[in-house]
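Only one structure is covered here, and it is reproduced in the block below.
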Amino acid sequence: MTDTPPFTESDSAALRQRLFWALGGLLGVVVLGLLVFVLSLRTELDQAAERGASDLELASDRLTTGLQRYRELAVFLSDHPTVLAVALEAEPDVQATAATSDLLQSMADKTGAHSLLLVAGDGRVLASAGEAGLPTGAQLALSRAMDGALGVAHFVDLEGRRRYVFAAPVFEPNGPAQAAVVVNVDIGLLEWGWPTEASAIYFTDSYGVVFISNRSELVLRGGSSGQMPVTARHRVMGHEIWRHEAGPYIPSPALHVIQTLPVIGLEGELLRDLRPVLSAAALQAGMASALGLVFAAFVFFATERRRTLAEANARLEARVAARTEALELANRDLQHEVRERQEAEARLKRAQADLVQAGKLSALGEMSAGISHELNQPLMAIRSFAENAQAFLERGQPEKAADNLGRISELARRMGRIIKNLRAFARQEPETITDVELTAVVEAALEMTQAKMTNAGVTLVWSPAGQVWVRGGEVRLQQVVMNLLSNAVDAVKDAPEKRIEITLLLASAPDMPTRFTISDTGPGISEPEKIFDPFYTTKEVGASEGMGLGLSISYGLVQSFGGRIRGENRAEGGAQFTIELQPAANKEGANAAN
Ligand SMILES: Nc1ncnc2c1ncn2[C@@H]1O[C@H](COP(=O)(O)OP(=O)(O)OP(=O)(O)O)[C@@H](O)[C@H]1O
Ligand SMILES: [Mg+2]
């Protein structure tokens, strides 16, 4: 089961930060695209301008060379003897005129000139080829020629043909110009020979009118007669950019290049298509942007990945820290509990020790009547023996008196033994476990309960089998035996048969316990499972009868020796208590020997 964590303040901050970086990246990509666009536009524009300039130069050269031919033709003819023969004669003969006309015709045929005229200063045509009269537009060139210079003119004739005219003066020998050779060029024919070009090239005159062009739409536009259809002119990075509506074959937007041609009195202009330039720049910008985008995306996702890892790590660390804290807390609790347990154990031990002592004192109290009787009886006997001894001495029977004295000393020894036992029993024994001789312990316990048993009229069955060494504490073991004997006496007190039997079964092997039993002919145990509970008693509480502590103390003591105690009812009636004790290791030989 996974539970989604709640959306926290830091989550929204992280989201904002991510959005910020994503937008920043996009902005960077856009800026990069723009930058690349501008740079490549500049390069492309420069290159286009260069190529445009060279294209224009080529076209201008072509035009100038084309016209130069006719100019030279005019100059050549102005010196020709055949021409001179007509030009310098006031009355030229018909033959000479015909010869000149033939020359002019042949030259016109060879050079492709529209017409060739020999014109006198007053405008009379002396000889001609191509056309008969001098067109009006050529008048200016003629008057220039008559002034002695090479006349040049361009115009549109009555039929709408564009004409370019050279007029070369024909000089008298060492005199002024008498006539002029006029060469007429049809510009339309000249244009036909031009190769088709992507760029629009045109040549304008001093009035701004397009006179020659490789695009017919532009011809004769501009000037005052009809404006060039330019809608916008911009200067971009040092280049002039034009937009216009001159028709589908004139590129727009276009790069405008200009070149002055003083030789022919025209200005060459070129309009180069900008769309390839723009698309090249856009392509480069697009490619740069795409690369930038890929890079930005890579960086973004790499950062995202790192951030995700860092977050997961932080979460893990927080969890580990929380777990560690919980563990530390649990550990502290546990230590606290252990300490409490140790203290409780210590308290319990102290309480147990107190209980043992209390149990002993209670047993002593219970036995005190019997013991005082036990001590009183020999004391009385000693008194009567002493009185008897005194009487025997008075009667002069010292042997009998000595016999009585011997009995007195015997009785005193017996009393001393009882008192010694009592003192030993009352002493608080250290809690150490030593090797103890069990038979002696049983003997001492019997001696102390002797009075109680005699009072109750109990028959004791007990045949000591020499020394039996076990692990335990002498006084505590004696207390256990006394408790069991005391209970047994209590049990048989009102029974028809009052018999208590003590048996001792030696350990048959080193790891087997020594078994010691006390059985009686009483009514048996009424609730065997409860007898070792503290304060469980069936006897009258409070009176000297019972507190319910004897067996529970005995249980604790036997346990502390590493032994076991149990109580059960015998099949033939009565109760039987069994104590198992560990044999004393180094006394095994002694045990076996006896
Ligand atoms: N030999 C026995 N026969 C029958 N019942 C017994 C025998 N020994 C003990 N009991 C039962 O076990 C109970 C508990 O014995 P325990 O020695 O612990 O206490 P108590 O003898 O009643 O009092 P005290 O503290 O003076 O010993 C007795 O009251 C008795 O009911
Ligand atoms: Mg008892």
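The chains in the structure tokens are called A, B, ... from first to last as shown; in each chain the residues are counted from 1, and the ligands are counted from 1 in the order shown.
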Listing only residues of chain A within 6 Å of ligand 2, what is the closest atom pair and its distance in Å (to one decimal) for each, using only C-alpha atoms and all ligand atoms, sorted by chain and residue number ascending, as a tab-separated table?
residue	atom	partner	partner_atom_place_in_ligand_line	distance
A:Asn483	CA	ligand 2	1 (Mg)	5.4
A:Ser486	CA	ligand 2	1 (Mg)	6.0
A:Asn487	CA	ligand 2	1 (Mg)	4.5
A:Gly550	CA	ligand 2	1 (Mg)	4.5
File of the preceding selection, all heavy atoms, as an mmCIF file, in the first residue's frame:
data_model
loop_
_atom_site.group_PDB
_atom_site.id
_atom_site.type_symbol
_atom_site.label_atom_id
_atom_site.label_comp_id
_atom_site.auth_asym_id
_atom_site.auth_seq_id
_atom_site.Cartn_x
_atom_site.Cartn_y
_atom_site.Cartn_z
ATOM 1 N N ASN A 483 10.317 -27.087 57.931
ATOM 2 C CA ASN A 483 8.997 -26.712 57.422
ATOM 3 C C ASN A 483 8.207 -27.953 57.039
ATOM 4 O O ASN A 483 7.017 -28.085 57.361
ATOM 5 C CB ASN A 483 9.142 -25.806 56.194
ATOM 6 C CG ASN A 483 9.425 -24.359 56.591
ATOM 7 O OD1 ASN A 483 9.129 -23.965 57.719
ATOM 8 N ND2 ASN A 483 10.001 -23.601 55.693
ATOM 9 N N SER A 486 7.277 -29.969 60.083
ATOM 10 C CA SER A 486 6.237 -29.272 60.834
ATOM 11 C C SER A 486 4.876 -29.461 60.172
ATOM 12 O O SER A 486 3.879 -29.747 60.849
ATOM 13 C CB SER A 486 6.614 -27.797 60.903
ATOM 14 O OG SER A 486 5.513 -27.051 61.322
ATOM 15 N N ASN A 487 4.849 -29.338 58.813
ATOM 16 C CA ASN A 487 3.603 -29.553 58.071
ATOM 17 C C ASN A 487 3.105 -30.986 58.259
ATOM 18 O O ASN A 487 1.910 -31.230 58.444
ATOM 19 C CB ASN A 487 3.828 -29.304 56.574
ATOM 20 C CG ASN A 487 3.807 -27.808 56.245
ATOM 21 O OD1 ASN A 487 3.440 -27.003 57.099
ATOM 22 N ND2 ASN A 487 4.182 -27.467 55.036
ATOM 23 N N GLY A 550 5.461 -21.219 54.821
ATOM 24 C CA GLY A 550 6.452 -22.288 54.960
ATOM 25 C C GLY A 550 6.868 -22.890 53.640
ATOM 26 O O GLY A 550 8.056 -22.928 53.305
#
> Using only C-alpha atoms and all ligand atoms, which protein or nucleic acid residues are at most 9 Å from ligand 1, as a ChimeraX atom specification?
Replying inline: /A:359,362-363,366,483-492,518-528,530-541,544-554,567-569,574-577
> Which residues come within 7 Å of Gly286 (chain A), counting only C-alpha atoms, excluding same-chain residues fewer than 4 positions away, as a list in words?
Replying inline: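 In the requested format, the answer is Gly33, Ala282 and Ala290 of chain A.
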Kindly save the residues from that selection, with all heavy atoms included, as an mmCIF file, in the first residue's frame.
data_model
loop_
_atom_site.group_PDB
_atom_site.id
_atom_site.type_symbol
_atom_site.label_atom_id
_atom_site.label_comp_id
_atom_site.auth_asym_id
_atom_site.auth_seq_id
_atom_site.Cartn_x
_atom_site.Cartn_y
_atom_site.Cartn_z
ATOM 1 N N GLY A 33 18.368 31.751 -31.064
ATOM 2 C CA GLY A 33 17.843 31.709 -32.441
ATOM 3 C C GLY A 33 17.928 33.088 -33.082
ATOM 4 O O GLY A 33 18.401 33.229 -34.210
ATOM 5 N N ALA A 282 17.107 31.952 -41.669
ATOM 6 C CA ALA A 282 16.080 31.315 -40.832
ATOM 7 C C ALA A 282 16.440 29.853 -40.590
ATOM 8 O O ALA A 282 16.275 29.341 -39.474
ATOM 9 C CB ALA A 282 14.728 31.419 -41.519
ATOM 10 N N ALA A 290 17.085 24.541 -32.605
ATOM 11 C CA ALA A 290 16.798 23.129 -32.357
ATOM 12 C C ALA A 290 17.901 22.521 -31.514
ATOM 13 O O ALA A 290 17.637 21.820 -30.520
ATOM 14 C CB ALA A 290 16.662 22.390 -33.677
#
> Leaving out Glu443 (chain A) and any residue of its chain fewer than 3 positions from it, which residues lie within 10 Å of it when counting only C-alpha atoms, given as an MDAnalysis selection string?
Replying inline: chainID A and resid 438:440 446:449 462 464 478 481
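With only C-alpha atoms as the atoms that count, the minimum distance from Ala59 (chain A) to the choices A:Ser128, A:Ser213, A:Gln397, A:Ser384 is reached by A:Ser213.
If you measure from each of A:Leu504, A:Leu126, A:Arg215, A:Glu374 to Gly466 (chain A) using only C-alpha atoms, the closest one turns out to be A:Leu504.
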> Closest to Leu117 (chain A) among A:Ser78, A:Thr204, A:Thr8, A:Thr432, using only C-alpha atoms?
Replying inline: A:Ser78
>> I'd like the contact shell of Phe561 (chain A) - 12 Å cut-off, only C-alpha atoms, skipping same-chain residues fewer than 2 positions apart - returned as a ChimeraX atom specification.
In response: /A:431-436,470-474,476-477,480,513,554-559,563-565,579-584
> Can you list, as a ChimeraX atom specification, every protein, DNA or RNA residue that comes within 7 Å of Ala99 (chain A) when you count only C-alpha atoms, leaving out same-chain residues fewer than 4 positions away?
Replying inline: /A:82,95,103
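Neighbours of region 35-39 of chain A closer than or equal to 8 Å, with only C-alpha atoms counted and sequence neighbours fewer than 6 positions away skipped, come out as Ala281, Ala282, Gln284, Ala285 and Ala288 of chain A.
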Residue selection dump (N, CA, C and O atoms) as an mmCIF file, in the first residue's frame:
data_model
loop_
_atom_site.group_PDB
_atom_site.id
_atom_site.type_symbol
_atom_site.label_atom_id
_atom_site.label_comp_id
_atom_site.auth_asym_id
_atom_site.auth_seq_id
_atom_site.Cartn_x
_atom_site.Cartn_y
_atom_site.Cartn_z
ATOM 1 N N ALA A 281 19.148 32.284 -43.514
ATOM 2 C CA ALA A 281 19.341 32.766 -42.142
ATOM 3 C C ALA A 281 18.362 32.084 -41.206
ATOM 4 O O ALA A 281 18.726 31.658 -40.100
ATOM 5 N N ALA A 282 17.107 31.952 -41.669
ATOM 6 C CA ALA A 282 16.080 31.315 -40.832
ATOM 7 C C ALA A 282 16.440 29.853 -40.590
ATOM 8 O O ALA A 282 16.275 29.341 -39.474
ATOM 9 N N GLN A 284 19.448 28.507 -40.570
ATOM 10 C CA GLN A 284 20.546 28.424 -39.606
ATOM 11 C C GLN A 284 20.045 28.715 -38.199
ATOM 12 O O GLN A 284 20.406 28.034 -37.240
ATOM 13 N N ALA A 285 19.188 29.748 -38.101
ATOM 14 C CA ALA A 285 18.635 30.092 -36.787
ATOM 15 C C ALA A 285 17.813 28.927 -36.251
ATOM 16 O O ALA A 285 17.901 28.580 -35.070
ATOM 17 N N ALA A 288 20.118 26.201 -35.097
ATOM 18 C CA ALA A 288 20.745 26.583 -33.825
ATOM 19 C C ALA A 288 19.737 26.461 -32.688
ATOM 20 O O ALA A 288 20.051 25.949 -31.615
#
>> Can you tell me, as number ranges by chain, which residues in region 205-312 of chain A count as helix (DSSP H, G or I) by DSSP?
In response: A: 216-218, 275-312
I need the chosen residues saved as a short mmCIF file (atom, residue, chain, number, x, y, z; two decimals), in the first residue's frame, with N, CA and C atoms.
data_model
loop_
_atom_site.label_atom_id
_atom_site.label_comp_id
_atom_site.auth_asym_id
_atom_site.auth_seq_id
_atom_site.Cartn_x
_atom_site.Cartn_y
_atom_site.Cartn_z
N SER A 216 11.16 43.67 -68.62
CA SER A 216 10.42 44.61 -69.45
C SER A 216 9.45 45.45 -68.61
N GLU A 217 8.99 44.88 -67.44
CA GLU A 217 8.04 45.62 -66.61
C GLU A 217 8.63 46.92 -66.12
N LEU A 218 9.95 46.96 -65.98
CA LEU A 218 10.59 48.14 -65.38
C LEU A 218 10.91 49.22 -66.40
N ARG A 275 14.72 36.48 -50.56
CA ARG A 275 14.09 35.31 -49.91
C ARG A 275 15.08 34.19 -49.62
N PRO A 276 15.98 33.85 -50.54
CA PRO A 276 16.97 32.82 -50.22
C PRO A 276 17.83 33.21 -49.03
N VAL A 277 18.17 34.53 -48.99
CA VAL A 277 18.99 35.01 -47.87
C VAL A 277 18.24 34.81 -46.56
N LEU A 278 16.96 35.23 -46.59
CA LEU A 278 16.15 35.12 -45.37
C LEU A 278 15.97 33.67 -44.98
N SER A 279 15.69 32.81 -45.98
CA SER A 279 15.44 31.42 -45.61
C SER A 279 16.72 30.75 -45.14
N ALA A 280 17.88 31.15 -45.71
CA ALA A 280 19.14 30.57 -45.23
C ALA A 280 19.38 30.97 -43.78
N ALA A 281 19.15 32.28 -43.51
CA ALA A 281 19.34 32.77 -42.14
C ALA A 281 18.36 32.08 -41.21
N ALA A 282 17.11 31.95 -41.67
CA ALA A 282 16.08 31.31 -40.83
C ALA A 282 16.44 29.85 -40.59
N LEU A 283 16.96 29.20 -41.63
CA LEU A 283 17.33 27.79 -41.49
C LEU A 283 18.43 27.64 -40.44
N GLN A 284 19.45 28.51 -40.57
CA GLN A 284 20.55 28.42 -39.61
C GLN A 284 20.05 28.71 -38.20
N ALA A 285 19.19 29.75 -38.10
CA ALA A 285 18.64 30.09 -36.79
C ALA A 285 17.81 28.93 -36.25
N GLY A 286 17.02 28.32 -37.15
CA GLY A 286 16.19 27.18 -36.74
C GLY A 286 17.04 26.03 -36.26
N MET A 287 18.13 25.77 -36.99
CA MET A 287 18.99 24.67 -36.60
C MET A 287 19.64 24.95 -35.26
N ALA A 288 20.12 26.20 -35.10
CA ALA A 288 20.75 26.58 -33.82
C ALA A 288 19.74 26.46 -32.69
N SER A 289 18.49 26.91 -32.96
CA SER A 289 17.45 26.84 -31.93
C SER A 289 17.18 25.39 -31.57
N ALA A 290 17.09 24.54 -32.60
CA ALA A 290 16.80 23.13 -32.36
C ALA A 290 17.90 22.52 -31.51
N LEU A 291 19.15 22.83 -31.90
CA LEU A 291 20.28 22.31 -31.12
C LEU A 291 20.22 22.83 -29.69
N GLY A 292 19.94 24.15 -29.59
CA GLY A 292 19.83 24.77 -28.27
C GLY A 292 18.73 24.12 -27.45
N LEU A 293 17.62 23.83 -28.14
CA LEU A 293 16.48 23.22 -27.45
C LEU A 293 16.84 21.83 -26.94
N VAL A 294 17.52 21.08 -27.81
CA VAL A 294 17.95 19.73 -27.41
C VAL A 294 18.89 19.83 -26.22
N PHE A 295 19.82 20.77 -26.31
CA PHE A 295 20.78 20.92 -25.22
C PHE A 295 20.06 21.33 -23.93
N ALA A 296 19.14 22.33 -24.08
CA ALA A 296 18.41 22.81 -22.90
C ALA A 296 17.59 21.68 -22.30
N ALA A 297 16.95 20.89 -23.21
CA ALA A 297 16.13 19.78 -22.72
C ALA A 297 17.02 18.78 -21.99
N PHE A 298 18.18 18.53 -22.57
CA PHE A 298 19.11 17.58 -21.93
C PHE A 298 19.50 18.07 -20.55
N VAL A 299 19.88 19.37 -20.50
CA VAL A 299 20.29 19.95 -19.22
C VAL A 299 19.14 19.91 -18.23
N PHE A 300 17.93 20.24 -18.76
CA PHE A 300 16.76 20.27 -17.88
C PHE A 300 16.49 18.89 -17.29
N PHE A 301 16.50 17.89 -18.19
CA PHE A 301 16.17 16.55 -17.70
C PHE A 301 17.28 16.00 -16.80
N ALA A 302 18.52 16.37 -17.13
CA ALA A 302 19.62 15.92 -16.27
C ALA A 302 19.46 16.54 -14.88
N THR A 303 19.12 17.85 -14.86
CA THR A 303 18.93 18.53 -13.58
C THR A 303 17.75 17.93 -12.83
N GLU A 304 16.67 17.66 -13.62
CA GLU A 304 15.47 17.05 -13.01
C GLU A 304 15.83 15.74 -12.34
N ARG A 305 16.60 14.94 -13.10
CA ARG A 305 16.99 13.63 -12.60
C ARG A 305 17.79 13.77 -11.32
N ARG A 306 18.74 14.75 -11.37
CA ARG A 306 19.58 14.95 -10.19
C ARG A 306 18.72 15.40 -9.02
N ARG A 307 17.77 16.30 -9.32
CA ARG A 307 16.90 16.81 -8.27
C ARG A 307 16.06 15.67 -7.68
N THR A 308 15.50 14.84 -8.55
CA THR A 308 14.68 13.72 -8.10
C THR A 308 15.50 12.79 -7.21
N LEU A 309 16.73 12.53 -7.65
CA LEU A 309 17.60 11.66 -6.86
C LEU A 309 17.88 12.28 -5.51
N ALA A 310 18.18 13.59 -5.55
CA ALA A 310 18.50 14.28 -4.30
C ALA A 310 17.30 14.25 -3.36
N GLU A 311 16.10 14.44 -3.95
CA GLU A 311 14.88 14.43 -3.12
C GLU A 311 14.67 13.06 -2.50
N ALA A 312 14.83 12.03 -3.35
CA ALA A 312 14.65 10.65 -2.85
C ALA A 312 15.64 10.38 -1.74
#
>> Under the rule that only C-alpha atoms are counted, which of A:Leu506, A:Thr517, A:Asn455, A:Ser54 is the nearest residue to Val442 (chain A)?
In response: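 Among the listed residues, A:Thr517 lies closest to Val442 (chain A).
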>> For a test of reading the model, state the distance in Å between CA of Met415 (chain A) and CA of Lys400 (chain A), rounded to one decimal.
In response: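 These two atoms are separated by 22.8 Å.
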Per-residue nearest contacts of region 23-98 of chain A to region 140-154 of chain A (10 Å; only C-alpha atoms) as JSON lines:
{"residue": "A:Arg71", "atom": "CA", "partner": "A:Leu150", "partner_atom": "CA", "distance": 8.6}
{"residue": "A:Ala74", "atom": "CA", "partner": "A:Leu150", "partner_atom": "CA", "distance": 9.0}
{"residue": "A:Val75", "atom": "CA", "partner": "A:Leu150", "partner_atom": "CA", "distance": 8.2}
Using the selection just defined, write its residues with N, CA, C and O atoms as a compact mmCIF listing (two decimals), in the first residue's frame.
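And here's selection03.txt as it stands now:
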# COMPACT_ATOMS: atom_id res chain seq x y z
N ARG A 71 29.96 53.37 -80.54
CA ARG A 71 30.68 54.64 -80.37
C ARG A 71 31.94 54.62 -81.25
O ARG A 71 32.23 55.58 -81.99
N ALA A 74 31.13 55.02 -84.81
CA ALA A 74 30.88 56.41 -85.20
C ALA A 74 32.19 57.15 -85.43
O ALA A 74 32.38 57.86 -86.45
N VAL A 75 33.13 56.94 -84.44
CA VAL A 75 34.42 57.62 -84.55
C VAL A 75 35.15 57.14 -85.80
O VAL A 75 35.73 57.93 -86.56
